[in-house]
Structure formats: structure tokens, C-alpha cells
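Asker: Handing you a structure now.
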Amino acid sequence: MIRLKNEKQISGIRTSCKLLSAMYKELLPLVKAGVETLEIDRWVRNWIKKAGGKPVFLGYGSKKNPFPAAICISINEEVIHGIPSKRKIADGDLVSLDCGIDLGGYISDQALTVEVGKVSASAHALNVATRECLYKGIAAAKAGDRLLQIARAVQGHAVEHGYGVVREFCGHGVGLALHEDPQVPNYPHGPNPRMSGGMVIAIEPMINQGIGNVEILDDGWTVVTTDRKKSSHWEHTIAIFSDHTEILTKESLSAQGCSKEM
């Protein structure tokens, strides 16, 4: 069931989203060659705690295999759900960051992909196109229209550039829980409800250099491309109103990552 949010709830979610985006702004300069991804996770945990929030991802999932970190850090062929470790970021890496904050019961969710140092032209093109897919999807999110218009916009732009769209994972409703109805796929598939005022959703294209196929590693979390080509992941939390759509998480990647014209 899709939970429509009232004005008070959207205000609370908006505050959580602003906090998350502020965290990213401070975090991005730390995402550089030579840094262990575990160090980034420690920094994120401390920052969220000091800000009065809780990391949504930490402990998420089953009791047998809860996610062990506050942020997902996925590098190159890792699509999503990368677990921070002693692995060091290298020059030329594409590093996808995905994090959420619980601020007084209001949940935010945002992801972006950082280009570390000098990346290849093909990796940069993929990252630019994936971010464009995100904004194409957001532009298609309008009250009164059907949900799968978002999927058509995302897939259409990715395919136009020759990239593969990940199908096994998708965006989702968010705000009062991390994952709510409806599912927001990146290709036309499944239920197609009409969007309406009060919907809060996370749109998150996951786009691959090669085919869209993925697999989960033995840790039960890390999703990688089956052909081991690079992937990019971008996400915003948005609120749909009767007369407009608002991006609740704000752009954090300005000084590094994608090109300045973005």
C-alpha cells in the first residue's frame, strides 16, 4: 500500500534529506585515492551521531546477515550494497556512495557516484549519463501521470547511450521507512499506479557500461555486474505535490566527480 504523506510528514522528511545532503558535502573531499572505505564508514557513523540522527542502513536486513555499515560504498563493477572494508580507493575508480538517515522517524535516502582522480573517458561518460538518467526520471514524476513514465525516461536515456539497465533492483517509496511501496523500476515493468500528491519516492538509476545483468557476491550484499564492467548509481528522494515535484535531497557533487557543466 502506498502511504501518502501529509504536510508535517513531508516537512520532517525534507529536514532529514537536507541533513543527509549536508553530510555528503562534507564527506566528498575525503573520498580520494589511498583512503580505506572502512575509514569513510567510521566518519559517516560519527557525523550522523553528532547530528542527532541514526544511520538507516546499519543493521538493516535479516537477523542472520544484517548490513554491517552506515553507508554502502561500491567501487567500479560493484553496483550497490558494497560493504566498507580495508580496501583502499584507487585513482581512476568510480565510487558509488549510498546512505540514509533516520532523523526522528523521518527517513532520507541519497546516492551518487564519485570519479576519483583521473578516470577513463568511458567511465566518465557512463557517470554523466547515469546522472542524466536520474534527472530524466525526476522530470517524469508528476501528479496525475503513471509511475512507469519514470522507468521509460530512465531506460530510454540509458539505451540511447548504449548502456545496460539493472533490472533486479529499483527505486522505492521512502520517508517513514527505508523501503515502502511503490517500487520504482528503471525499466517499464510491474504495477503502474497513478502518481499523486503526497507521494515520496526515491528514484535511483543503476546503469552499467555493459549488459544490465548482475549477481550477488558471497557476502550476501555486494551486487556486481556479471561482465565485471563498471556501473554508476545516482539517487534522489523526491516529493510529489499536486502542482509540482520537489527534490528533497540536494545536489552534493559540485567540486569533484562529474564535470562542472553538470
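Just remember, in the C-alpha cells the first chain shown is A, the second B, etc., residues are 1-based per chain, and ligands are 1-based in the order shown.
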So which residues touch Leu178 (chain A) within 10 Å, counting only C-alpha atoms, skipping near sequence neighbours fewer than 6 positions away, as a list in words?

Answerer: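 After dropping sequence-adjacent residues, the list is Val56, Phe57, Tyr60, Gly100, Ile101, Asp102, Tyr106, Ile107, Ser108, Asp109, His172 and Ala202 of chain A.
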
Asker: I'd like a table as a tab-separated table: residues in region 96-142 of chain A with an atom no more than 10 Å from region 147-171 of chain A, each row giving the shortest atom pair and its distance in Å to one decimal, only C-alpha atoms counted, sorted by chain and rising residue number.

Answerer:
residue	atom	partner	partner_atom	distance
A:Ala125	CA	A:His161	CA	9.2
A:Leu126	CA	A:Tyr163	CA	7.8
A:Ala129	CA	A:Ala158	CA	6.9
A:Thr130	CA	A:Ala158	CA	7.2
A:Arg131	CA	A:Val154	CA	9.9
A:Glu132	CA	A:His157	CA	7.8
A:Cys133	CA	A:Val154	CA	4.8
A:Leu134	CA	A:Val154	CA	6.7
A:Tyr135	CA	A:Val154	CA	8.5
A:Lys136	CA	A:Ala153	CA	5.7
A:Gly137	CA	A:Ile150	CA	4.5
A:Ile138	CA	A:Ile150	CA	7.0
A:Ala139	CA	A:Ile150	CA	8.0
A:Ala140	CA	A:Ile150	CA	5.2
A:Ala141	CA	A:Ile150	CA	6.1
A:Lys142	CA	A:Leu147	CA	8.6

Asker: Pick out the closest residue to Ile211 (chain A) from this set: A:Ser196, A:Glu77, A:Pro84, A:Ile13. Count only C-alpha atoms.

Answerer: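 The answer is A:Glu77, which sits nearest to Ile211 (chain A).
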
Asker: Please provide the set of residues having any atom within 9 Å of Gly53 (chain A), restricted to only C-alpha atoms, with same-chain residues fewer than 2 positions apart removed, written as JSON, numbers by chain.

Answerer: {"A": [16, 19, 47, 48, 49, 50, 51, 55, 101, 102, 103, 104]}

Asker: Could you build a table of the residues in region 91-165 of chain A lying no more than 10 Å from region 23-35 of chain A, giving for each the nearest pair of atoms and their separation in Å rounded to one decimal place, using only C-alpha atoms, ordered by chain and ascending residue number, as a tab-separated table?

Answerer:
residue	atom	partner	partner_atom	distance
A:Asp91	CA	A:Ala33	CA	5.2
A:Gly92	CA	A:Ala33	CA	8.5
A:Asp93	CA	A:Ala33	CA	8.4
A:Val95	CA	A:Val31	CA	8.2
A:Leu97	CA	A:Tyr24	CA	9.1
A:Asp98	CA	A:Tyr24	CA	9.8
A:Cys99	CA	A:Tyr24	CA	9.0
A:Ile101	CA	A:Met23	CA	9.9
A:Gln110	CA	A:Tyr24	CA	9.2
A:Ala111	CA	A:Tyr24	CA	9.4
A:Leu112	CA	A:Tyr24	CA	9.3
A:Val114	CA	A:Val31	CA	7.8
A:Glu115	CA	A:Lys32	CA	9.0
A:Val116	CA	A:Lys32	CA	5.8
A:Gly117	CA	A:Ala33	CA	7.3
